[in-house]
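Notes to accompany the following structure.
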Amino acid sequence: MATVHLRIGDLVWGKLGRYPPWPGKVVSPPKDLKKPRGKKCHFVKFFGTEDHAWIKVEQLKPYHPHKEEMIKINKGKRFQQAVDAVEDFLKKAKGKEQNSDGKGDSKGKKTPSKPLKILEEDDEDLSALKDPSEKDLTDSDPEPSTLERLGAAPGSGFKWESSPVKDDPHFHHFLLSQSEKPASSMEPISKRLKIIEEDTGSTSIQAADSTAINGSITPTDKRIGFLGLGLMGSGIVSNLLKMGHVVTVWNRTAEKCDLFIQEGARLGRTPAEVVSMCDITFSCVSDPKAARDLVLGPSGVLQGIRPGKCYVEMSTVDPETITELSQVITSRGGRFLEAPVAGSQQLSNEGMLVILAAGDRTVYEDCSSCFQAMGKTSFFLGEAGNAARMMLILNMVQGSFMATIAEGLTLAQATGQSQQTFLDILCQGQMASTFVDQKCQNILQGNFKPDYYLKHIQKDLRLAISMGDMANHPTPMAAAANEVYKRAKALDQSDNDMSAVYRAYIH
């Protein structure tokens, strides 16, 4: 295989584990980030994301010679956006090079041009590129400038090496869990990777983009268990497996486990067995009763808890249930964290959930790679119960908003207005969002395939109203919305998407 000579500023295709090749640029690593030992590698910044990673030289290809080949094997929208970003960047870089070639000294002589340094405005610490007079990273002879090399022919016999992320000791991604410094002293390498401490004691960990390139996550070596493979749990487990975590699964309906066993998961016969086999066990079930039964029932979680075992409750339940579960888990020497998620089945599948966590801070830190695999952002909110409160408030707002949108669509129809025009106008105003557009389009198409069950959003509204009662705080808007969802349930819409609340207005 021909040797690939690369240096700072080169555009490349980088491959991470089992994930598709992605366009990137060789850049200087942060000063405090050590180069992995072993095979030669380069630090690459990927276009269209905020990801950076050490990539072995055999997993890199020059950008231009292999562009057509890569475009043929990857048709995703995010991939195309990344390619477009490269092309826009090249146009700007070429313009700068042409401008520099046109400049001369006072005697009309041209100043010798230096190889172009490819740089983006948001590179921050990654922007300190080496001087072109220095040797390239492969210690080979100096190469032509980047733009000159882009026209070179493809190297013959070039093949990708394929190895899972978890088996690659040279793989290092600059995320929170990989920082060699305490979180409080982290440098702002990425605008989207940060920790925020507020007076309330809450903390936010924002990881790099979790879709196209989150194969760069280094999985924890802890054994992970997962109980509950519903709409949300299935996507979460899939992303944990893709990122190289060792996962043992259990579901009340055992057939749902089959697909994940094929993907490499292990099977637990009971919740107690899963907990006894694993270091950290997550659960994601439908409601407070299911959450309690899972822990306290026959062959339940509590029977498998031993000192040091971690249990993470991801179900959206009331704070009283969280307090009860926390007490029984810790009474057996276990460690407890609640971590409900904001999102939908689609966001779960894409690894773009928002995780709200509270309880044992050390468990939260131990779950870092898991949260990065399943979500785009996680927040630590303090003592157990706080995440449940925040989650119910968020879902109360979302459920009420969805009911109002449905009310607006049906009122438009009742008054002779075009529902599509109503949506078009709505999506051009201040309330424009992906949520509004997708839900409304699905309503107009009569598509109520569940992305978030209607019965679950009604349950969340009910729990939020109860929480308001306990705090002596009025929730009249949520109460009104709750009645509409109850009517939709009476019309047999429970197992449809929450947008099926629309049908409560037309029957």
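Chain labels A, B, ... are given in the sequence in which chains occur in the structure tokens; within each chain residues are numbered consecutively from 1, and ligands are likewise numbered from 1 in the order shown.
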Backbone DSSP call of helix (DSSP H, G or I) for segment 227-417 of chain A, listed as a PyMOL selection string:
chain A and resi 231-242+254-262+271-277+288-296+301-304+319-331+345-350+361-366+368-374+386-414
Residue selection dump (C-alpha atoms) as a CSV table (one decimal), in the first residue's frame:
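Result saved to selection_36.csv:
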chain,number,residue,atom,x,y,z
A,231,LEU,CA,-39.3,3.5,22.1
A,232,MET,CA,-36.6,5.3,24.0
A,233,GLY,CA,-34.7,2.4,25.5
A,234,SER,CA,-34.1,0.6,22.2
A,235,GLY,CA,-32.4,3.7,20.6
A,236,ILE,CA,-30.3,4.2,23.7
A,237,VAL,CA,-29.1,0.5,23.8
A,238,SER,CA,-28.3,0.6,20.1
A,239,ASN,CA,-26.1,3.6,20.5
A,240,LEU,CA,-24.3,2.2,23.6
A,241,LEU,CA,-23.5,-0.9,21.5
A,242,LYS,CA,-22.4,1.1,18.5
A,254,ALA,CA,-38.1,-11.1,25.8
A,255,GLU,CA,-38.5,-11.1,22.0
A,256,LYS,CA,-37.4,-7.5,22.0
A,257,CYS,CA,-34.0,-8.5,23.1
A,258,ASP,CA,-33.3,-10.6,20.1
A,259,LEU,CA,-32.2,-7.8,17.8
A,260,PHE,CA,-29.7,-6.5,20.4
A,261,ILE,CA,-28.3,-9.9,21.0
A,262,GLN,CA,-27.5,-10.1,17.3
A,271,PRO,CA,-33.5,-7.7,36.4
A,272,ALA,CA,-31.8,-9.1,39.4
A,273,GLU,CA,-29.4,-11.1,37.2
A,274,VAL,CA,-28.6,-8.1,35.1
A,275,VAL,CA,-27.8,-6.0,38.1
A,276,SER,CA,-25.6,-8.8,39.6
A,277,MET,CA,-23.7,-9.1,36.4
A,288,PRO,CA,-44.0,5.0,38.4
A,289,LYS,CA,-45.7,1.6,38.9
A,290,ALA,CA,-43.5,-0.1,36.4
A,291,ALA,CA,-40.4,1.6,37.9
A,292,ARG,CA,-41.3,0.4,41.4
A,293,ASP,CA,-42.2,-3.1,40.2
A,294,LEU,CA,-38.9,-3.4,38.4
A,295,VAL,CA,-37.0,-2.7,41.6
A,296,LEU,CA,-39.2,-4.1,44.3
A,301,VAL,CA,-33.3,-5.0,40.9
A,302,LEU,CA,-33.1,-4.8,44.6
A,303,GLN,CA,-32.2,-8.5,44.9
A,304,GLY,CA,-29.2,-8.0,42.7
A,319,PRO,CA,-40.0,12.8,42.6
A,320,GLU,CA,-41.7,10.7,45.3
A,321,THR,CA,-41.0,7.5,43.4
A,322,ILE,CA,-37.4,8.6,42.9
A,323,THR,CA,-36.9,9.3,46.6
A,324,GLU,CA,-38.3,5.8,47.4
A,325,LEU,CA,-36.1,4.0,44.9
A,326,SER,CA,-33.0,6.0,46.0
A,327,GLN,CA,-33.6,5.0,49.6
A,328,VAL,CA,-34.0,1.3,49.0
A,329,ILE,CA,-31.0,1.1,46.6
A,330,THR,CA,-28.7,3.0,48.9
A,331,SER,CA,-29.9,1.0,51.9
A,345,GLN,CA,-37.7,8.0,19.5
A,346,GLN,CA,-36.0,9.7,16.6
A,347,LEU,CA,-33.7,11.6,18.8
A,348,SER,CA,-33.0,8.5,20.8
A,349,ASN,CA,-32.1,6.6,17.6
A,350,GLU,CA,-29.8,9.5,16.6
A,361,ARG,CA,-22.4,12.7,41.5
A,362,THR,CA,-19.8,10.0,41.2
A,363,VAL,CA,-22.3,7.7,39.3
A,364,TYR,CA,-23.0,10.6,37.0
A,365,GLU,CA,-19.2,10.9,36.2
A,366,ASP,CA,-18.9,7.1,35.8
A,368,SER,CA,-19.9,9.9,31.1
A,369,SER,CA,-19.2,7.8,28.0
A,370,CYS,CA,-22.7,6.3,28.2
A,371,PHE,CA,-24.3,9.8,28.3
A,372,GLN,CA,-22.2,10.9,25.4
A,373,ALA,CA,-23.2,7.9,23.4
A,374,MET,CA,-26.9,8.4,23.9
A,386,ASN,CA,-34.6,17.4,41.0
A,387,ALA,CA,-34.3,15.7,37.6
A,388,ALA,CA,-37.8,14.2,37.9
A,389,ARG,CA,-39.2,17.7,38.8
A,390,MET,CA,-37.4,19.4,35.9
A,391,MET,CA,-38.5,16.6,33.5
A,392,LEU,CA,-42.1,16.9,34.4
A,393,ILE,CA,-42.0,20.6,34.0
A,394,LEU,CA,-40.5,20.3,30.5
A,395,ASN,CA,-43.0,17.7,29.4
A,396,MET,CA,-45.9,19.7,30.9
A,397,VAL,CA,-44.9,22.6,28.6
A,398,GLN,CA,-44.4,20.3,25.6
A,399,GLY,CA,-47.7,18.6,26.1
A,400,SER,CA,-49.6,21.8,26.6
A,401,PHE,CA,-47.9,23.3,23.5
A,402,MET,CA,-48.8,20.3,21.4
A,403,ALA,CA,-52.5,20.5,22.4
A,404,THR,CA,-52.5,24.2,21.6
A,405,ILE,CA,-51.0,23.6,18.1
A,406,ALA,CA,-53.7,20.9,17.5
A,407,GLU,CA,-56.3,23.4,18.6
A,408,GLY,CA,-55.0,26.0,16.2
A,409,LEU,CA,-55.0,23.6,13.3
A,410,THR,CA,-58.6,22.5,13.9
A,411,LEU,CA,-59.7,26.1,14.4
A,412,ALA,CA,-58.2,27.1,11.1
A,413,GLN,CA,-60.1,24.3,9.4
A,414,ALA,CA,-63.4,25.2,11.2
Give me, as an MDAnalysis selection string, the residues of segment 219-336 of chain A that a backbone DSSP run labels strand (DSSP E or B).
chainID A and resid 224:227 247:250 266:267 280:283 310:313 335:336
Take the residues from that selection and write them out as an mmCIF file, in the first residue's frame, keeping C-alpha atoms.
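The result, stored in part.cif:
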data_model
loop_
_atom_site.group_PDB
_atom_site.id
_atom_site.type_symbol
_atom_site.label_atom_id
_atom_site.label_comp_id
_atom_site.auth_asym_id
_atom_site.auth_seq_id
_atom_site.Cartn_x
_atom_site.Cartn_y
_atom_site.Cartn_z
ATOM 1 C CA ILE A 224 -23.450 -1.897 31.501
ATOM 2 C CA GLY A 225 -26.930 -3.310 32.082
ATOM 3 C CA PHE A 226 -30.128 -2.005 30.525
ATOM 4 C CA LEU A 227 -33.705 -2.807 31.530
ATOM 5 C CA VAL A 247 -24.210 -4.215 27.466
ATOM 6 C CA THR A 248 -26.485 -6.824 29.053
ATOM 7 C CA VAL A 249 -30.185 -6.361 28.290
ATOM 8 C CA TRP A 250 -33.523 -7.451 29.731
ATOM 9 C CA ARG A 266 -25.728 -10.157 26.301
ATOM 10 C CA LEU A 267 -29.023 -11.452 27.662
ATOM 11 C CA ILE A 280 -23.961 0.141 36.144
ATOM 12 C CA THR A 281 -27.556 -0.756 35.334
ATOM 13 C CA PHE A 282 -29.923 1.649 33.553
ATOM 14 C CA SER A 283 -33.687 1.266 33.415
ATOM 15 C CA CYS A 310 -24.865 1.520 40.425
ATOM 16 C CA TYR A 311 -28.508 1.924 39.434
ATOM 17 C CA VAL A 312 -29.623 4.664 37.027
ATOM 18 C CA GLU A 313 -33.375 5.341 36.720
ATOM 19 C CA ARG A 335 -25.312 3.944 44.382
ATOM 20 C CA PHE A 336 -28.266 5.744 42.811
#
Measure the distance from atom CA of Leu11 of chain A to atom CA of Glu87 of chain A in Å and round it to one decimal.
10.8 Å
What is the atom CA of Ser494 of chain A to atom CA of Pro298 of chain A distance in Å?
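Straight-line distance from atom CA of Ser494 of chain A to atom CA of Pro298 of chain A works out to 28.3 Å.
Shell of Asp221 of chain A at 10 Å, with only C-alpha atoms counted and residues fewer than 6 places along the chain excluded, is Lys166, Gly244, His245, Val246, Asp279 and Ser369 of chain A.
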For Thr49 of chain A, which residue among A:Met70, A:Val26, A:Leu229, A:Ala82 is the nearest when counting only C-alpha atoms?
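Under the stated criterion, the closest residue is A:Ala82.
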Applying 12 Å and only C-alpha atoms, which residues near Lys72 of chain A remain after dropping the ones on its own chain fewer than 5 positions away? List them as a list in words.
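Listed by chain and then number, they are Pro20, Pro21, His66, Lys67, Phe79 and Gln80 of chain A.
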Quick one: distance from atom CA of Leu444 of chain A to atom CA of Ala490 of chain A in Å, one decimal?
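Between atom CA of Leu444 of chain A and atom CA of Ala490 of chain A the gap works out to 21.6 Å.
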